[in-house]
$ cat start38.cif   # mmCIF, C-alpha atoms and all ligand atoms
data_start
loop_
_atom_site.group_PDB
_atom_site.id
_atom_site.type_symbol
_atom_site.label_atom_id
_atom_site.label_comp_id
_atom_site.auth_asym_id
_atom_site.auth_seq_id
_atom_site.Cartn_x
_atom_site.Cartn_y
_atom_site.Cartn_z
ATOM 1 C CA MET A 1 -30.630 -11.271 1.969
ATOM 2 C CA SER A 2 -27.887 -11.236 4.579
ATOM 3 C CA ARG A 3 -24.311 -11.741 3.500
ATOM 4 C CA PRO A 4 -22.499 -14.841 4.736
ATOM 5 C CA THR A 5 -20.258 -14.361 7.785
ATOM 6 C CA THR A 6 -16.502 -14.512 7.313
ATOM 7 C CA SER A 7 -14.632 -15.956 10.283
ATOM 8 C CA VAL A 8 -11.175 -14.556 11.025
ATOM 9 C CA LEU A 9 -8.682 -15.822 13.636
ATOM 10 C CA PHE A 10 -5.683 -13.659 14.637
ATOM 11 C CA VAL A 11 -2.709 -15.698 15.879
ATOM 12 C CA CYS A 12 0.549 -14.771 17.647
ATOM 13 C CA LEU A 13 2.749 -16.720 20.079
ATOM 14 C CA GLY A 14 1.189 -16.081 23.487
ATOM 15 C CA ASN A 15 -2.246 -14.622 22.590
ATOM 16 C CA ILE A 16 -1.771 -11.832 25.131
ATOM 17 C CA CYS A 17 -0.038 -8.995 23.202
ATOM 18 C CA ARG A 18 -0.380 -8.860 19.401
ATOM 19 C CA SER A 19 -3.334 -11.086 18.475
ATOM 20 C CA PRO A 20 -5.846 -9.688 21.023
ATOM 21 C CA LEU A 21 -4.910 -6.217 19.716
ATOM 22 C CA GLY A 22 -5.404 -7.343 16.119
ATOM 23 C CA GLU A 23 -8.773 -8.831 17.046
ATOM 24 C CA GLY A 24 -9.902 -5.668 18.897
ATOM 25 C CA ILE A 25 -8.764 -3.287 16.158
ATOM 26 C CA PHE A 26 -10.349 -5.364 13.386
ATOM 27 C CA VAL A 27 -13.682 -5.517 15.236
ATOM 28 C CA ALA A 28 -13.579 -1.732 15.887
ATOM 29 C CA LEU A 29 -12.864 -0.970 12.222
ATOM 30 C CA ALA A 30 -15.633 -3.329 11.074
ATOM 31 C CA GLU A 31 -18.040 -1.624 13.519
ATOM 32 C CA GLU A 32 -17.024 1.795 12.171
ATOM 33 C CA ARG A 33 -18.025 0.628 8.697
ATOM 34 C CA GLY A 34 -21.235 -1.015 9.914
ATOM 35 C CA LEU A 35 -19.847 -4.399 8.911
ATOM 36 C CA ASP A 36 -19.437 -6.068 12.302
ATOM 37 C CA GLY A 37 -22.322 -8.456 11.568
ATOM 38 C CA ASP A 38 -20.383 -9.748 8.577
ATOM 39 C CA PHE A 39 -17.529 -11.147 10.656
ATOM 40 C CA HIS A 40 -16.857 -13.623 13.427
ATOM 41 C CA VAL A 41 -13.484 -12.677 14.963
ATOM 42 C CA ASP A 42 -11.305 -14.435 17.545
ATOM 43 C CA SER A 43 -7.636 -14.767 18.496
ATOM 44 C CA ALA A 44 -5.327 -17.551 19.732
ATOM 45 C CA GLY A 45 -1.652 -18.342 20.394
ATOM 46 C CA THR A 46 0.578 -21.027 18.914
ATOM 47 C CA ALA A 47 1.890 -21.635 22.471
ATOM 48 C CA GLY A 48 -0.212 -22.339 25.541
ATOM 49 C CA TYR A 49 1.884 -20.741 28.296
ATOM 50 C CA HIS A 50 -0.525 -17.887 28.900
ATOM 51 C CA SER A 51 -3.768 -19.813 28.377
ATOM 52 C CA GLY A 52 -6.613 -18.425 30.472
ATOM 53 C CA GLU A 53 -4.944 -15.021 30.983
ATOM 54 C CA PRO A 54 -6.501 -11.710 29.908
ATOM 55 C CA PRO A 55 -4.625 -9.564 27.346
ATOM 56 C CA ASP A 56 -1.332 -8.010 28.560
ATOM 57 C CA SER A 57 -2.055 -4.747 30.433
ATOM 58 C CA ARG A 58 0.199 -2.852 27.985
ATOM 59 C CA SER A 59 -1.937 -4.010 25.036
ATOM 60 C CA THR A 60 -5.115 -3.145 26.924
ATOM 61 C CA ALA A 61 -3.721 0.331 27.715
ATOM 62 C CA VAL A 62 -2.640 1.210 24.178
ATOM 63 C CA ALA A 63 -5.967 -0.085 22.852
ATOM 64 C CA ALA A 64 -7.980 1.953 25.392
ATOM 65 C CA ALA A 65 -5.959 5.090 24.534
ATOM 66 C CA ASN A 66 -7.229 4.622 20.975
ATOM 67 C CA GLY A 67 -10.831 3.861 21.937
ATOM 68 C CA VAL A 68 -10.538 0.110 21.385
ATOM 69 C CA HIS A 69 -11.768 -2.367 23.990
ATOM 70 C CA LEU A 70 -10.011 -5.742 24.253
ATOM 71 C CA THR A 71 -11.952 -8.835 25.283
ATOM 72 C CA GLY A 72 -11.368 -12.524 25.888
ATOM 73 C CA TYR A 73 -8.808 -14.803 27.496
ATOM 74 C CA ALA A 74 -5.772 -16.436 25.937
ATOM 75 C CA ARG A 75 -6.136 -19.863 24.373
ATOM 76 C CA GLN A 76 -3.931 -22.064 22.264
ATOM 77 C CA VAL A 77 -4.791 -22.616 18.608
ATOM 78 C CA THR A 78 -6.335 -26.068 17.969
ATOM 79 C CA PRO A 79 -6.476 -28.325 14.895
ATOM 80 C CA ARG A 80 -10.228 -27.695 14.746
ATOM 81 C CA ASP A 81 -9.536 -23.987 14.169
ATOM 82 C CA MET A 82 -8.296 -25.015 10.718
ATOM 83 C CA GLU A 83 -11.860 -25.872 9.703
ATOM 84 C CA ARG A 84 -13.733 -23.448 11.941
ATOM 85 C CA PHE A 85 -12.143 -20.327 10.418
ATOM 86 C CA ASP A 86 -12.077 -19.019 6.856
ATOM 87 C CA VAL A 87 -8.946 -16.929 7.358
ATOM 88 C CA ILE A 88 -6.145 -17.330 9.932
ATOM 89 C CA VAL A 89 -3.855 -14.293 10.250
ATOM 90 C CA ALA A 90 -0.278 -14.971 11.441
ATOM 91 C CA MET A 91 1.596 -12.117 13.150
ATOM 92 C CA ASP A 92 5.065 -13.355 12.184
ATOM 93 C CA ARG A 93 6.884 -16.002 10.158
ATOM 94 C CA SER A 94 7.364 -18.257 13.146
ATOM 95 C CA ASN A 95 3.607 -18.255 13.822
ATOM 96 C CA GLN A 96 3.024 -18.881 10.115
ATOM 97 C CA ARG A 97 5.288 -21.983 10.143
ATOM 98 C CA SER A 98 3.566 -23.386 13.247
ATOM 99 C CA LEU A 99 0.149 -22.839 11.666
ATOM 100 C CA GLN A 100 1.188 -24.397 8.360
ATOM 101 C CA ARG A 101 2.463 -27.507 10.183
ATOM 102 C CA LEU A 102 -0.798 -27.800 12.120
ATOM 103 C CA ARG A 103 -2.845 -27.347 8.967
ATOM 104 C CA GLN A 104 -0.811 -29.963 7.096
ATOM 105 C CA ARG A 105 -1.044 -32.548 9.871
ATOM 106 C CA TYR A 106 -4.733 -31.994 10.391
ATOM 107 C CA GLY A 107 -5.738 -31.315 6.837
ATOM 108 C CA ARG A 108 -4.509 -34.384 5.003
ATOM 109 C CA GLY A 109 -7.303 -35.328 2.619
ATOM 110 C CA ARG A 110 -9.637 -32.582 3.818
ATOM 111 C CA GLY A 111 -10.840 -29.644 1.796
ATOM 112 C CA GLY A 112 -12.229 -26.313 2.909
ATOM 113 C CA LEU A 113 -9.553 -25.466 5.461
ATOM 114 C CA ALA A 114 -8.598 -21.938 6.523
ATOM 115 C CA ASP A 115 -6.371 -19.746 4.388
ATOM 116 C CA ILE A 116 -3.272 -18.822 6.398
ATOM 117 C CA VAL A 117 -2.155 -15.258 5.637
ATOM 118 C CA MET A 118 0.482 -12.871 7.040
ATOM 119 C CA MET A 119 -0.760 -9.756 8.864
ATOM 120 C CA ARG A 120 1.861 -7.456 7.343
ATOM 121 C CA ASP A 121 1.003 -8.488 3.810
ATOM 122 C CA TYR A 122 -1.888 -6.031 4.360
ATOM 123 C CA ASP A 123 0.312 -3.199 5.732
ATOM 124 C CA PRO A 124 0.905 -0.671 2.932
ATOM 125 C CA ASP A 125 3.977 0.682 4.814
ATOM 126 C CA ALA A 126 5.533 -2.698 5.717
ATOM 127 C CA ARG A 127 9.324 -2.767 5.805
ATOM 128 C CA ASP A 128 9.429 -6.208 7.382
ATOM 129 C CA ALA A 129 7.328 -9.364 7.078
ATOM 130 C CA ASP A 130 6.695 -9.623 10.824
ATOM 131 C CA VAL A 131 4.640 -7.712 13.379
ATOM 132 C CA PRO A 132 7.436 -7.366 15.979
ATOM 133 C CA ASP A 133 6.979 -9.121 19.313
ATOM 134 C CA PRO A 134 6.630 -6.324 21.928
ATOM 135 C CA TYR A 135 6.569 -8.602 25.013
ATOM 136 C CA TYR A 136 10.086 -7.933 26.316
ATOM 137 C CA GLY A 137 10.151 -4.235 25.391
ATOM 138 C CA GLY A 138 8.540 -1.105 26.780
ATOM 139 C CA HIS A 139 5.444 0.954 26.070
ATOM 140 C CA ASP A 140 6.937 2.366 22.832
ATOM 141 C CA GLY A 141 6.952 -1.098 21.306
ATOM 142 C CA PHE A 142 3.244 -1.478 22.006
ATOM 143 C CA GLU A 143 2.533 1.932 20.429
ATOM 144 C CA ARG A 144 4.451 0.862 17.338
ATOM 145 C CA VAL A 145 2.650 -2.496 17.168
ATOM 146 C CA TYR A 146 -0.685 -0.675 17.493
ATOM 147 C CA ARG A 147 0.074 1.506 14.429
ATOM 148 C CA ILE A 148 1.225 -1.515 12.420
ATOM 149 C CA LEU A 149 -1.910 -3.467 13.324
ATOM 150 C CA GLU A 150 -4.199 -0.537 12.590
ATOM 151 C CA ARG A 151 -2.798 -0.155 9.061
ATOM 152 C CA SER A 152 -2.766 -3.907 8.494
ATOM 153 C CA CYS A 153 -6.321 -4.459 9.761
ATOM 154 C CA ARG A 154 -7.596 -1.682 7.474
ATOM 155 C CA GLY A 155 -5.918 -3.442 4.567
ATOM 156 C CA LEU A 156 -7.314 -6.824 5.575
ATOM 157 C CA LEU A 157 -10.821 -5.397 5.999
ATOM 158 C CA ASP A 158 -10.585 -3.757 2.555
ATOM 159 C CA GLU A 159 -9.564 -7.128 1.126
ATOM 160 C CA LEU A 160 -12.347 -9.095 2.838
ATOM 161 C CA ALA A 161 -15.160 -6.524 2.577
ATOM 162 C CA GLY A 162 -14.124 -4.384 -0.352
ATOM 163 C CA PRO A 163 -12.711 -0.827 0.035
ATOM 164 C CA GLY A 164 -14.651 2.408 0.164
ATOM 165 C CA ARG A 165 -17.721 1.185 1.973
ATOM 166 C CA ASP A 166 -17.144 3.385 5.010
HETATM 167 P P1 LIG B 1 2.382 -12.253 21.861
HETATM 168 O O1 LIG B 1 3.607 -11.841 22.822
HETATM 169 O O2 LIG B 1 2.849 -13.485 21.102
HETATM 170 O O3 LIG B 1 2.221 -11.073 20.991
HETATM 171 O O4 LIG B 1 1.214 -12.526 22.780
HETATM 172 C C1 LIG B 1 4.270 -12.725 23.666
HETATM 173 C C2 LIG B 1 3.694 -13.073 24.870
HETATM 174 C C3 LIG B 1 4.395 -13.905 25.735
HETATM 175 C C4 LIG B 1 5.637 -14.392 25.386
HETATM 176 C C5 LIG B 1 6.205 -14.038 24.170
HETATM 177 C C6 LIG B 1 5.516 -13.207 23.329
HETATM 178 N N1 LIG B 1 6.355 -15.210 26.281
HETATM 179 O O5 LIG B 1 7.478 -15.590 25.970
HETATM 180 O O6 LIG B 1 5.815 -15.551 27.360
#
$ encode --input "start38.cif" --output "structure tokens" --more "lines below"
Ligand code: 4NP
Amino acid sequence: MSRPTTSVLFVCLGNICRSPLGEGIFVALAEERGLDGDFHVDSAGTAGYHSGEPPDSRSTAVAAANGVHLTGYARQVTPRDMERFDVIVAMDRSNQRSLQRLRQRYGRGRGGLADIVMMRDYDPDARDADVPDPYYGGHDGFERVYRILERSCRGLLDELAGPGRD
């Protein structure tokens, strides 16, 4: 019997730097473990200023250098995402607050809404609660964000799928 699919939405501010990277890394790790069929994965931004744009070229470059292919176009998170996804992963505390407000407004009286979690809660080396926003920095910032997301996505996958199945 096939296992039920878990749907996971990665969310940052613009949906062009951090969340497309999180999405791509998570999918690659799930594929590595032969678990990609167990997950539906997407990403979105709390703001809509980059809607319709592909991922930032610096995110695409750091992903490609690590064998990860980024897909999709930016979109803003919607109230419906609160019931469409099982788990919504916030990149920082500001994203988390925006998501909690959306969930509260939309979710009054409804059950079965997404769990909102923090990406770095799954980073075993976290020294800060937030995945730093690399948008205004240089390539180094994107390298650093990649390492943070790789560790965090491993931790999240362990949590959702169980460790040691790779
Ligand atoms: P992201 O990065 O939230 O990781 O996609 C940003 C992208 C754009 C802006 C800020 C952060 N911006 O201000 O346009």
$ resolve_selection --input "start38.cif" --expression "the PyMOL selection byres (((chain A and resi 79) around 9) and not hetatm)" --output "MDAnalysis selection string"
chainID A and resid 77:78 80:83 102:103 105:107
$ resolve_selection --input "start38.cif" --expression "the PyMOL selection byres (((chain A and resi 7) around 6) and not hetatm)" --output "list in words"
Thr6, Val8, Phe39, His40, Val41, Phe85 and Asp86 of chain A
$ write_last_selection --input "start38.cif" --atoms "C-alpha atoms" --output "short mmCIF file (atom, residue, chain, number, x, y, z; two decimals), keeping the file's coordinate frame"
data_model
loop_
_atom_site.label_atom_id
_atom_site.label_comp_id
_atom_site.auth_asym_id
_atom_site.auth_seq_id
_atom_site.Cartn_x
_atom_site.Cartn_y
_atom_site.Cartn_z
CA THR A 6 -16.50 -14.51 7.31
CA VAL A 8 -11.18 -14.56 11.02
CA PHE A 39 -17.53 -11.15 10.66
CA HIS A 40 -16.86 -13.62 13.43
CA VAL A 41 -13.48 -12.68 14.96
CA PHE A 85 -12.14 -20.33 10.42
CA ASP A 86 -12.08 -19.02 6.86
#
$ closest_residue --input "start38.cif" --among "A:Ala61, A:Pro4, A:Arg110, A:His69" --to "A:Leu35" --atoms "all atoms listed in the file"
A:Pro4
$ closest_atom_pairs --input "start38.cif" --of "chain A" --to "ligand LIG 1 (chain B)" --cutoff "9 Å" --atoms "all atoms listed in the file" --output "JSON lines"
{"residue": "A:Val11", "atom": "CA", "partner": "B:LIG1", "partner_atom": "O2", "distance": 7.9}
{"residue": "A:Cys12", "atom": "CA", "partner": "B:LIG1", "partner_atom": "O2", "distance": 4.3}
{"residue": "A:Leu13", "atom": "CA", "partner": "B:LIG1", "partner_atom": "O2", "distance": 3.4}
{"residue": "A:Gly14", "atom": "CA", "partner": "B:LIG1", "partner_atom": "O4", "distance": 3.6}
{"residue": "A:Asn15", "atom": "CA", "partner": "B:LIG1", "partner_atom": "O4", "distance": 4.0}
{"residue": "A:Ile16", "atom": "CA", "partner": "B:LIG1", "partner_atom": "O4", "distance": 3.9}
{"residue": "A:Cys17", "atom": "CA", "partner": "B:LIG1", "partner_atom": "O4", "distance": 3.8}
{"residue": "A:Arg18", "atom": "CA", "partner": "B:LIG1", "partner_atom": "O3", "distance": 3.8}
{"residue": "A:Ser19", "atom": "CA", "partner": "B:LIG1", "partner_atom": "O3", "distance": 6.1}
{"residue": "A:Pro20", "atom": "CA", "partner": "B:LIG1", "partner_atom": "O4", "distance": 7.8}
{"residue": "A:Leu21", "atom": "CA", "partner": "B:LIG1", "partner_atom": "O3", "distance": 8.7}
{"residue": "A:Ala44", "atom": "CA", "partner": "B:LIG1", "partner_atom": "O4", "distance": 8.8}
{"residue": "A:Gly45", "atom": "CA", "partner": "B:LIG1", "partner_atom": "O2", "distance": 6.7}
{"residue": "A:Thr46", "atom": "CA", "partner": "B:LIG1", "partner_atom": "O2", "distance": 8.2}
{"residue": "A:Ala47", "atom": "CA", "partner": "B:LIG1", "partner_atom": "O2", "distance": 8.3}
{"residue": "A:Tyr49", "atom": "CA", "partner": "B:LIG1", "partner_atom": "O6", "distance": 6.6}
{"residue": "A:His50", "atom": "CA", "partner": "B:LIG1", "partner_atom": "O6", "distance": 6.9}
{"residue": "A:Pro55", "atom": "CA", "partner": "B:LIG1", "partner_atom": "O4", "distance": 8.0}
{"residue": "A:Asp56", "atom": "CA", "partner": "B:LIG1", "partner_atom": "O4", "distance": 7.8}
{"residue": "A:Ala74", "atom": "CA", "partner": "B:LIG1", "partner_atom": "O4", "distance": 8.6}
{"residue": "A:Met91", "atom": "CA", "partner": "B:LIG1", "partner_atom": "O3", "distance": 7.9}
{"residue": "A:Asn95", "atom": "CA", "partner": "B:LIG1", "partner_atom": "O2", "distance": 8.7}
{"residue": "A:Val131", "atom": "CA", "partner": "B:LIG1", "partner_atom": "O3", "distance": 8.7}
{"residue": "A:Pro132", "atom": "CA", "partner": "B:LIG1", "partner_atom": "O3", "distance": 8.1}
{"residue": "A:Asp133", "atom": "CA", "partner": "B:LIG1", "partner_atom": "O3", "distance": 5.4}
{"residue": "A:Pro134", "atom": "CA", "partner": "B:LIG1", "partner_atom": "O1", "distance": 6.4}
{"residue": "A:Tyr135", "atom": "CA", "partner": "B:LIG1", "partner_atom": "O1", "distance": 4.9}
{"residue": "A:Tyr136", "atom": "CA", "partner": "B:LIG1", "partner_atom": "C5", "distance": 7.5}
$ closest_atom_pairs --input "start38.cif" --of "stretch 18-126 of chain A" --to "stretch 137-157 of chain A" --cutoff "12 Å" --atoms "all atoms listed in the file" --output "Markdown table"
| residue | atom | partner | partner_atom | distance |
| --- | --- | --- | --- | --- |
| A:Arg18 | CA | A:Val145 | CA | 7.4 |
| A:Ser19 | CA | A:Leu149 | CA | 9.3 |
| A:Pro20 | CA | A:Leu149 | CA | 10.7 |
| A:Leu21 | CA | A:Tyr146 | CA | 7.3 |
| A:Gly22 | CA | A:Leu149 | CA | 5.9 |
| A:Glu23 | CA | A:Cys153 | CA | 8.8 |
| A:Gly24 | CA | A:Cys153 | CA | 9.9 |
| A:Ile25 | CA | A:Glu150 | CA | 6.4 |
| A:Phe26 | CA | A:Cys153 | CA | 5.5 |
| A:Val27 | CA | A:Cys153 | CA | 9.2 |
| A:Ala28 | CA | A:Cys153 | CA | 9.9 |
| A:Leu29 | CA | A:Arg154 | CA | 7.1 |
| A:Ala30 | CA | A:Leu157 | CA | 7.3 |
| A:Glu31 | CA | A:Leu157 | CA | 11.1 |
| A:Glu32 | CA | A:Arg154 | CA | 11.1 |
| A:Arg33 | CA | A:Leu157 | CA | 9.8 |
| A:Gly34 | CA | A:Leu157 | CA | 12.0 |
| A:Leu35 | CA | A:Leu157 | CA | 9.5 |
| A:Asp36 | CA | A:Leu157 | CA | 10.7 |
| A:Asp38 | CA | A:Leu157 | CA | 10.8 |
| A:Phe39 | CA | A:Leu157 | CA | 10.0 |
| A:Val41 | CA | A:Leu157 | CA | 11.9 |
| A:Asp56 | CA | A:Phe142 | CA | 10.3 |
| A:Ser57 | CA | A:His139 | CA | 10.4 |
| A:Arg58 | CA | A:His139 | CA | 6.8 |
| A:Ser59 | CA | A:Phe142 | CA | 6.5 |
| A:Thr60 | CA | A:Phe142 | CA | 9.8 |
| A:Ala61 | CA | A:Phe142 | CA | 9.2 |
| A:Val62 | CA | A:Glu143 | CA | 6.4 |
| A:Ala63 | CA | A:Tyr146 | CA | 7.5 |
| A:Ala64 | CA | A:Tyr146 | CA | 11.1 |
| A:Ala65 | CA | A:Glu143 | CA | 9.9 |
| A:Asn66 | CA | A:Tyr146 | CA | 9.1 |
| A:Gly67 | CA | A:Tyr146 | CA | 12.0 |
| A:Val68 | CA | A:Tyr146 | CA | 10.6 |
| A:Val87 | CA | A:Leu156 | CA | 10.4 |
| A:Ile88 | CA | A:Leu156 | CA | 11.4 |
| A:Val89 | CA | A:Leu156 | CA | 9.5 |
| A:Ala90 | CA | A:Ser152 | CA | 11.7 |
| A:Met91 | CA | A:Leu149 | CA | 9.3 |
| A:Val117 | CA | A:Leu156 | CA | 9.9 |
| A:Met118 | CA | A:Ser152 | CA | 9.6 |
| A:Met119 | CA | A:Ser152 | CA | 6.2 |
| A:Arg120 | CA | A:Ser152 | CA | 5.9 |
| A:Asp121 | CA | A:Ser152 | CA | 7.6 |
| A:Tyr122 | CA | A:Ser152 | CA | 4.7 |
| A:Asp123 | CA | A:Ser152 | CA | 4.2 |
| A:Pro124 | CA | A:Arg151 | CA | 7.2 |
| A:Asp125 | CA | A:Arg151 | CA | 8.0 |
| A:Ala126 | CA | A:Ile148 | CA | 8.1 |
$ atom_distance --input "start38.cif" --atom1 "atom CA of A:Asp158" --atom2 "atom CA of A:Ser94"
25.4 Å
$ atom_distance --input "start38.cif" --atom1 "atom CA of A:Asp115" --atom2 "atom CA of A:Gly72"
23.2 Å
$ atom_distance --input "start38.cif" --atom1 "atom CA of A:Arg93" --atom2 "atom CA of A:Glu159"
20.8 Å
$ axis_aligned_box --input "start38.cif" --around "stretch 82-100 of chain A" --padding-each-side "8 Å" --output "AutoDock Vina command-line options"
--center_x -3.2 --center_y -19.0 --center_z 10.3 --size_x 37.1 --size_y 29.8 --size_z 23.0
$ closest_residue --input "start38.cif" --among "A:Asp42, A:Gly111, A:Gln96, A:Leu9" --to "A:Thr71" --atoms "only C-alpha atoms"
A:Asp42
$ closest_residue --input "start38.cif" --among "A:Ser43, A:Pro54, A:Arg84, A:Gln76" --to "A:Ala114" --atoms "only C-alpha atoms"
A:Arg84
